[in-house]
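Asks: What follows is target_15.txt, compact mmCIF, C-alpha atoms and all ligand atoms.
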# COMPACT_ATOMS: atom_id res chain seq x y z
CA MET A 465 -56.61 11.23 7.43
CA ASN A 466 -54.42 8.40 8.63
CA ASN A 467 -51.13 9.03 10.43
CA PHE A 468 -49.03 8.39 7.35
CA LEU A 469 -50.92 10.92 5.23
CA THR A 470 -50.88 13.49 8.06
CA SER A 471 -47.11 13.23 8.38
CA LEU A 472 -46.68 13.40 4.58
CA VAL A 473 -48.73 16.62 4.42
CA SER A 474 -46.90 18.07 7.39
CA MET A 475 -43.50 17.25 5.79
CA PHE A 476 -44.63 18.88 2.53
CA LYS A 477 -45.71 22.03 4.41
CA TYR A 478 -42.39 22.10 6.26
CA LYS A 479 -40.41 21.72 3.04
CA THR A 480 -42.34 24.62 1.49
CA LYS A 481 -41.67 26.77 4.57
CA VAL A 482 -37.92 25.97 4.53
CA ALA A 483 -37.72 26.75 0.81
CA LYS A 484 -39.41 30.13 1.49
CA ASP A 485 -37.14 30.85 4.48
CA PHE A 486 -34.06 30.04 2.41
CA ALA A 487 -35.29 32.36 -0.34
CA ILE A 488 -35.99 35.15 2.19
CA MET A 489 -32.50 34.76 3.66
CA GLN A 490 -31.16 34.78 0.09
CA LEU A 491 -29.30 31.60 0.80
CA SER A 492 -27.13 31.71 -2.26
CA PRO A 493 -24.04 29.43 -2.27
CA GLU A 494 -21.96 32.44 -1.09
CA VAL A 495 -24.31 33.27 1.82
CA LYS A 496 -24.43 29.60 2.77
CA GLN A 497 -20.62 29.38 2.75
CA ASP A 498 -20.49 32.50 4.91
CA ILE A 499 -22.75 30.88 7.52
CA ILE A 500 -20.66 27.70 7.46
CA ASN A 501 -17.40 29.65 7.83
CA ASN A 502 -18.76 31.75 10.69
CA PHE A 503 -19.96 28.67 12.56
CA HIS A 504 -16.62 26.99 11.82
CA LYS A 505 -14.74 29.98 13.32
CA LEU A 506 -17.04 30.05 16.36
CA TYR A 507 -16.55 26.32 16.94
CA TYR A 508 -12.80 26.30 16.32
CA ASP A 509 -11.91 29.51 18.14
CA SER A 510 -13.90 28.60 21.27
CA SER A 511 -11.09 26.12 21.93
CA VAL A 512 -8.90 29.10 22.91
CA PHE A 513 -10.96 29.28 26.12
CA GLY A 514 -10.84 25.51 26.54
CA GLY A 515 -14.16 24.89 24.81
CA THR A 516 -15.43 22.73 21.93
CA TRP A 517 -12.66 20.51 20.51
CA ARG A 518 -10.37 21.15 23.51
CA SER A 519 -13.02 19.76 25.85
CA THR A 520 -14.36 16.89 23.75
CA SER A 521 -13.82 13.30 24.80
CA PHE A 522 -14.65 9.82 23.58
CA LEU A 523 -15.32 7.24 26.33
CA GLY A 524 -13.58 9.63 28.72
CA ILE A 525 -10.46 10.14 26.56
CA PRO A 526 -9.76 13.60 25.06
CA ILE A 527 -10.26 13.57 21.30
CA GLN A 528 -9.21 16.45 19.07
CA LYS A 529 -11.83 15.97 16.38
CA ALA A 530 -15.12 17.70 15.63
CA PRO A 531 -18.20 15.50 16.20
CA MET A 532 -19.26 15.89 12.53
CA GLU A 533 -15.84 14.51 11.55
CA MET A 534 -16.24 11.52 13.85
CA TYR A 535 -19.58 10.77 12.24
CA MET A 536 -18.04 11.01 8.78
CA TYR A 537 -15.18 8.70 9.81
CA GLN A 538 -17.71 6.14 10.95
CA GLU A 539 -19.45 6.26 7.54
CA ILE A 540 -16.13 5.92 5.71
CA LEU A 541 -15.02 2.99 7.85
CA PHE A 542 -18.30 1.17 7.32
CA ASP A 543 -18.32 1.82 3.55
CA THR A 544 -14.67 0.97 2.88
CA LYS A 545 -13.95 -1.64 5.60
CA PRO A 546 -10.20 -1.04 5.90
CA ASP A 547 -8.16 -3.97 7.26
CA LEU A 548 -5.69 -1.45 8.66
CA ILE A 549 -6.01 2.22 9.60
CA ILE A 550 -2.76 4.14 10.06
CA GLU A 551 -3.06 7.38 12.04
CA THR A 552 -0.18 9.81 12.58
CA GLY A 553 -0.58 11.90 15.76
CA ILE A 554 -1.91 10.17 18.88
CA ALA A 555 -2.04 13.03 21.45
CA TYR A 556 -4.25 11.58 24.25
CA GLY A 557 -5.39 8.65 22.10
CA GLY A 558 -9.06 9.64 21.77
CA GLY A 559 -8.98 9.52 17.98
CA ALA A 560 -7.20 6.16 17.94
CA LEU A 561 -9.61 4.70 20.51
CA TYR A 562 -12.59 5.93 18.50
CA LEU A 563 -11.31 4.29 15.30
CA ALA A 564 -10.56 1.03 17.12
CA SER A 565 -14.03 1.06 18.72
CA ILE A 566 -15.73 1.43 15.33
CA CYS A 567 -13.59 -1.48 14.05
CA GLU A 568 -14.78 -3.51 17.04
CA LEU A 569 -18.43 -2.71 16.29
CA MET A 570 -17.89 -3.83 12.69
CA ASN A 571 -15.82 -6.81 13.85
CA HIS A 572 -13.26 -5.77 11.25
CA GLY A 573 -9.97 -3.89 11.08
CA ASN A 574 -7.11 -2.70 13.25
CA VAL A 575 -5.48 0.63 14.00
CA VAL A 576 -1.82 1.64 14.23
CA SER A 577 -1.29 5.11 15.67
CA ILE A 578 2.05 6.94 15.72
CA ASP A 579 3.37 9.83 17.79
CA ILE A 580 6.72 11.46 18.36
CA SER A 581 6.04 11.51 22.09
CA ASP A 582 4.12 9.36 24.56
CA THR A 583 1.74 11.33 26.79
CA GLY A 584 1.54 8.20 28.98
CA ASN A 585 -1.68 6.65 30.20
CA LEU A 586 -2.92 6.03 26.64
CA PRO A 587 -6.13 4.02 26.28
CA LYS A 588 -5.77 0.33 25.51
CA HIS A 589 -7.81 -1.62 22.98
CA SER A 590 -7.28 -5.05 21.46
CA ARG A 591 -7.50 -3.59 17.93
CA LEU A 592 -5.09 -0.71 18.62
CA LYS A 593 -1.31 -0.56 18.51
CA TYR A 594 0.92 2.45 19.21
CA LEU A 595 4.30 3.24 17.64
CA PHE A 596 6.57 5.97 18.98
CA GLY A 597 8.91 8.05 16.83
CA SER A 598 8.63 10.64 14.11
CA SER A 599 6.07 9.68 11.48
CA VAL A 600 8.64 10.39 8.77
CA SER A 601 11.54 8.45 10.31
CA ASN A 602 12.91 5.30 8.68
CA GLU A 603 12.32 3.33 11.89
CA ILE A 604 8.58 4.06 11.85
CA LEU A 605 8.25 3.54 8.10
CA ASP A 606 10.01 0.17 8.35
CA GLN A 607 7.57 -0.93 11.07
CA LEU A 608 4.59 0.24 9.00
CA LYS A 609 5.82 -1.72 5.97
CA LYS A 610 5.64 -4.84 8.15
CA GLU A 611 2.16 -3.89 9.45
CA ILE A 612 0.66 -3.64 5.96
CA ILE A 613 1.85 -7.08 4.85
CA GLY A 614 -1.20 -9.11 3.79
CA LYS A 615 -3.62 -6.17 4.23
CA LYS A 616 -5.91 -5.70 1.21
CA ARG A 617 -7.48 -2.41 2.30
CA VAL A 618 -5.42 0.29 4.01
CA MET A 619 -6.52 3.77 5.07
CA VAL A 620 -4.28 6.60 6.34
CA ILE A 621 -5.07 9.64 8.51
CA LEU A 622 -2.45 12.39 8.80
CA ASP A 623 -2.89 14.34 12.05
CA SER A 624 0.59 15.06 13.43
CA ASP A 625 2.78 18.13 12.79
CA HIS A 626 0.63 20.57 10.78
CA SER A 627 3.42 22.46 8.98
CA LYS A 628 3.33 22.31 5.18
CA LYS A 629 6.80 20.75 5.02
CA HIS A 630 5.93 17.90 7.36
CA VAL A 631 2.52 17.15 5.87
CA LEU A 632 3.93 17.13 2.33
CA GLU A 633 6.64 14.72 3.45
CA GLU A 634 4.02 12.50 5.09
CA LEU A 635 1.82 12.63 1.98
CA LYS A 636 4.69 11.47 -0.22
CA LEU A 637 5.77 8.74 2.22
CA TYR A 638 2.32 7.45 3.18
CA CYS A 639 0.35 7.71 -0.08
CA ASP A 640 1.57 4.34 -1.31
CA PHE A 641 0.26 2.62 1.82
CA VAL A 642 -3.30 3.56 0.79
CA THR A 643 -5.08 0.99 -1.37
CA ALA A 644 -7.46 1.77 -4.27
CA GLY A 645 -10.92 2.80 -3.07
CA ASN A 646 -9.62 3.75 0.38
CA TYR A 647 -9.00 7.14 1.95
CA LEU A 648 -5.97 9.26 2.74
CA ILE A 649 -7.31 11.90 5.12
CA VAL A 650 -5.37 15.10 5.68
CA GLU A 651 -6.55 16.65 8.93
CA ASP A 652 -6.66 20.33 9.86
CA THR A 653 -6.54 21.72 6.33
CA ASN A 654 -8.72 24.46 7.87
CA VAL A 655 -5.74 26.38 9.33
CA ASN A 656 -3.94 29.25 7.59
CA GLY A 657 -7.24 30.99 6.85
CA HIS A 658 -9.27 28.04 5.47
CA PRO A 659 -11.10 29.59 7.33
CA VAL A 660 -9.39 29.57 10.78
CA GLN A 661 -5.97 30.55 12.22
CA PRO A 662 -5.12 33.01 9.41
CA ASP A 663 -1.60 33.53 10.79
CA HIS A 664 -0.67 29.85 10.94
CA GLY A 665 1.54 29.92 7.85
CA PRO A 666 1.55 27.26 5.11
CA GLY A 667 0.03 24.11 6.51
CA PRO A 668 -1.88 20.97 5.55
CA MET A 669 -3.99 22.70 2.85
CA GLU A 670 -0.93 24.04 1.05
CA ALA A 671 0.77 20.62 1.28
CA LEU A 672 -2.36 18.91 -0.01
CA GLU A 673 -2.67 21.25 -2.98
CA GLU A 674 0.94 20.71 -3.99
CA PHE A 675 0.52 16.94 -3.61
CA LEU A 676 -2.71 16.81 -5.65
CA ALA A 677 -1.19 18.87 -8.48
CA LEU A 678 1.37 16.12 -9.02
CA ASN A 679 -0.49 12.99 -7.96
CA LYS A 680 -3.42 11.93 -10.11
CA ASP A 681 -4.10 8.73 -8.16
CA PHE A 682 -6.01 10.70 -5.52
CA GLU A 683 -9.11 12.86 -5.73
CA SER A 684 -10.63 15.09 -3.06
CA ASP A 685 -14.05 13.62 -2.17
CA LYS A 686 -16.19 16.68 -1.45
CA SER A 687 -19.19 14.51 -0.53
CA LYS A 688 -17.46 13.93 2.82
CA GLU A 689 -17.96 17.65 3.58
CA ARG A 690 -21.73 17.49 3.27
CA LEU A 691 -22.33 17.89 7.03
CA TYR A 692 -21.05 21.49 6.62
CA LEU A 693 -18.59 21.57 9.52
CA THR A 694 -15.27 19.93 8.72
CA PHE A 695 -11.77 20.70 9.98
CA ASN A 696 -10.54 18.89 6.87
CA PRO A 697 -11.80 20.88 3.86
CA LYS A 698 -10.58 19.17 0.64
CA GLY A 699 -8.82 16.73 2.98
CA TYR A 700 -10.81 13.55 2.25
CA LEU A 701 -8.64 12.09 -0.50
CA LYS A 702 -9.84 8.92 -2.16
CA ARG A 703 -7.40 6.67 -3.96
CA LEU A 704 -8.62 5.99 -7.46
CA GLY A 705 -6.10 3.59 -8.93
C1 LIG B 801 -3.50 17.08 16.69
S1 LIG B 801 -2.65 16.01 17.76
C2 LIG B 801 -3.33 14.44 17.37
C3 LIG B 801 -4.78 14.30 17.76
C4 LIG B 801 -5.34 12.90 17.68
N1 LIG B 801 -5.18 12.33 16.38
C5 LIG B 801 -6.82 12.92 18.03
O1 LIG B 801 -7.66 12.68 17.14
O2 LIG B 801 -7.17 13.13 19.20
C6 LIG B 801 -1.06 16.01 17.05
C7 LIG B 801 -0.03 15.04 17.63
O3 LIG B 801 1.03 14.91 16.66
C8 LIG B 801 2.22 14.67 17.35
N2 LIG B 801 3.38 14.93 16.47
C9 LIG B 801 3.97 16.12 16.19
N3 LIG B 801 5.00 15.94 15.35
C10 LIG B 801 5.05 14.61 15.06
C11 LIG B 801 5.89 13.81 14.23
N4 LIG B 801 6.90 14.33 13.54
N5 LIG B 801 5.63 12.48 14.16
C12 LIG B 801 4.61 11.93 14.87
N6 LIG B 801 3.79 12.65 15.66
C13 LIG B 801 4.01 13.97 15.77
C14 LIG B 801 2.14 15.54 18.59
O4 LIG B 801 2.99 15.01 19.60
C15 LIG B 801 0.65 15.48 18.92
O5 LIG B 801 0.40 14.52 19.93
Let's see the structure in the file written out as structure tokens.

Replies:
Amino acid sequence: MNNFLTSLVSMFKYKTKVAKDFAIMQLSPEVKQDIINNFHKLYYDSSVFGGTWRSTSFLGIPIQKAPMEMYMYQEILFDTKPDLIIETGIAYGGGALYLASICELMNHGNVVSIDISDTGNLPKHSRLKYLFGSSVSNEILDQLKKEIIGKKRVMVILDSDHSKKHVLEELKLYCDFVTAGNYLIVEDTNVNGHPVQPDHGPGPMEALEEFLALNKDFESDKSKERLYLTFNPKGYLKRLG
């Protein structure tokens, strides 16, 4: 048998074995969701001891995103080619630097990242600009209105204050920046028991649900959750029209 046939047979055998294993484990959608939630809790809660997302960095800069999320962002950026990405919540700048670096690799797009406070020593990148102030203040919104002039494709990522009130305000103020076919990503919809931090209180998920009930221009793109671990369940909103 040539190499190609050998690997085809071996792949077939492996597929059969996995199908059997799944059946033995009774991997129904509920059981599968249970495994995903338990891994999610393990990954998220390890941060309490300084692990996982509290000790993750991109090119040496702390980034508060799960690696699966970063991979998904890269796919979205490549598929939708935004001219401008607006991110609320800079923290140490790892997320902003990551987005700008992907833009650089694609030779397309720029990033504007906003935070209420400057941690100092933020990473620099020719495709990245920082604005300081509250994401919902008139000063910041006026600057963003100037930034989007002439941009055909705009994407927004909300990752600042995770209270329901603030996220809902951001959703209402930022949704019109997002162009058709591009994404409005609501981060950390996982808190308040979805499935982590059950005592958080109403947060991004509750804001998102209220927003989606009234706004039919956006749809949650569940295909962006296919890597199983996401801190943004239901949070990948695609603008339809
Ligand atoms: C989760 S961190 C951002 C993480 C970052 N996007 C990353 O990927 O590494 C949240 C940030 O939001 C900022 N923040 C809180 N309230 C804000 C507001 N009203 N406007 C803008 N930023 C705010 C905090 O100062 C904090 O740095």

Asks: Would you give me, as a tab-separated table, each residue of chain A having an atom within 8 Å of an atom of ligand LIG 801 (chain B), along with its shortest atom pair and that distance in Å to one decimal, using all atoms listed in the file and sorting by chain and residue number?

Replies:
residue	atom	partner	partner_atom	distance
A:Pro526	CA	B:LIG801	O2	6.4
A:Ile527	CA	B:LIG801	O2	3.8
A:Gln528	CA	B:LIG801	O2	3.9
A:Lys529	CA	B:LIG801	O1	5.4
A:Glu551	CA	B:LIG801	N1	6.9
A:Thr552	CA	B:LIG801	C12	5.7
A:Gly553	CA	B:LIG801	O3	3.5
A:Ile554	CA	B:LIG801	C4	4.5
A:Ala555	CA	B:LIG801	O5	3.2
A:Tyr556	CA	B:LIG801	O2	6.0
A:Gly557	CA	B:LIG801	O2	5.6
A:Gly558	CA	B:LIG801	O2	4.7
A:Gly559	CA	B:LIG801	O1	3.5
A:Ala560	CA	B:LIG801	O1	6.6
A:Ile578	CA	B:LIG801	C12	5.7
A:Asp579	CA	B:LIG801	N6	3.6
A:Ile580	CA	B:LIG801	C12	4.1
A:Ser581	CA	B:LIG801	O4	5.3
A:Asp582	CA	B:LIG801	O4	7.6
A:Thr583	CA	B:LIG801	O5	7.7
A:Phe596	CA	B:LIG801	C12	7.5
A:Gly597	CA	B:LIG801	C12	6.1
A:Ser598	CA	B:LIG801	N5	3.5
A:Ser599	CA	B:LIG801	N5	3.9
A:Val600	CA	B:LIG801	N4	6.4
A:Asp623	CA	B:LIG801	N1	5.3
A:Ser624	CA	B:LIG801	O3	3.3
A:Asp625	CA	B:LIG801	N3	4.0
A:His626	CA	B:LIG801	C9	7.8
A:His630	CA	B:LIG801	N4	7.2

Asks: Using all atoms listed in the file, which residues sit within 8 Å of segment 494-510 of chain A once same-chain residues fewer than 5 positions away are excluded, as a VMD selection string?

Replies: chain A and resid 515 to 517 659 to 660 692 to 694

Asks: Please measure the separation of atom CA of Leu592 of chain A and atom CA of Val576 of chain A, giving the value in Å to one decimal.

Replies: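 These atoms are spaced 6.0 Å apart.
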
Asks: May I have the centre and edge lengths, in Å to one decimal, of an axis-aligned box around the listed atoms of segment 619-623 of chain A with 4 Å added to every side, as AutoDock Vina command-line options?

Replies:
--center_x -4.5 --center_y 9.1 --center_z 8.6 --size_x 12.1 --size_y 18.6 --size_z 15.0

Asks: From the options A:Ser627, A:Ser577, A:Gln607, A:Thr480, which residue's atoms come nearest to Lys593 of chain A, counting all atoms listed in the file?

Replies: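 Answer, going by the shortest atom-to-atom distance: A:Ser577.
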
Asks: Counting all atoms listed in the file, figure out which residue out of A:Leu563, A:Val482, A:Ile550, A:Leu632 gets nearest to Lys609 of chain A.

Replies: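 Ranked by minimum distance to Lys609 of chain A, first place goes to A:Ile550.
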
Asks: Rank A:Leu469, A:Cys567, A:Leu676, A:Met475 by their smallest atom-to-atom distance to Asp543 of chain A, using all atoms listed in the file, and report the top residue only.

Replies: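 Residue with the minimum atom-to-atom distance to Asp543 of chain A: A:Cys567.
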
Asks: So which one's closest to Asn654 of chain A, A:Glu689, A:Met619, A:Phe695, A:Lys477? Using all atoms listed in the file, please.

Replies: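 Smallest distance to Asn654 of chain A is found for A:Phe695.
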
Asks: I need the residue nearest Tyr537 of chain A from this list: A:Phe486, A:Tyr594, A:Tyr478, A:Tyr562. Use all atoms listed in the file for the distance.

Replies: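 Closest to Tyr537 of chain A, using all atoms listed in the file: A:Tyr562.
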
Asks: For the atom pair atom CA of Lys610 of chain A and atom CA of Gly705 of chain A, what is the interatomic distance in Å to one decimal place?

Replies: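 Pair atom CA of Lys610 of chain A / atom CA of Gly705 of chain A returns 22.4 Å.
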
Asks: For Glu634 of chain A, which of A:Met489, A:Ala564, A:Val618, A:Ala671 is the closest residue, counting all atoms listed in the file?

Replies: A:Ala671

Asks: Write out as a PyMOL selection string which residues come within 9 Å of Lys628 of chain A when counting all atoms listed in the file, dropping same-chain ones fewer than 6 positions away.

Replies: chain A and resi 665-672

Asks: Between atom CA of Arg591 of chain A and atom CA of Asn571 of chain A, what distance in Å does the model show, to one decimal?

Replies: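 Atom CA of Arg591 of chain A sits 9.8 Å away from atom CA of Asn571 of chain A.
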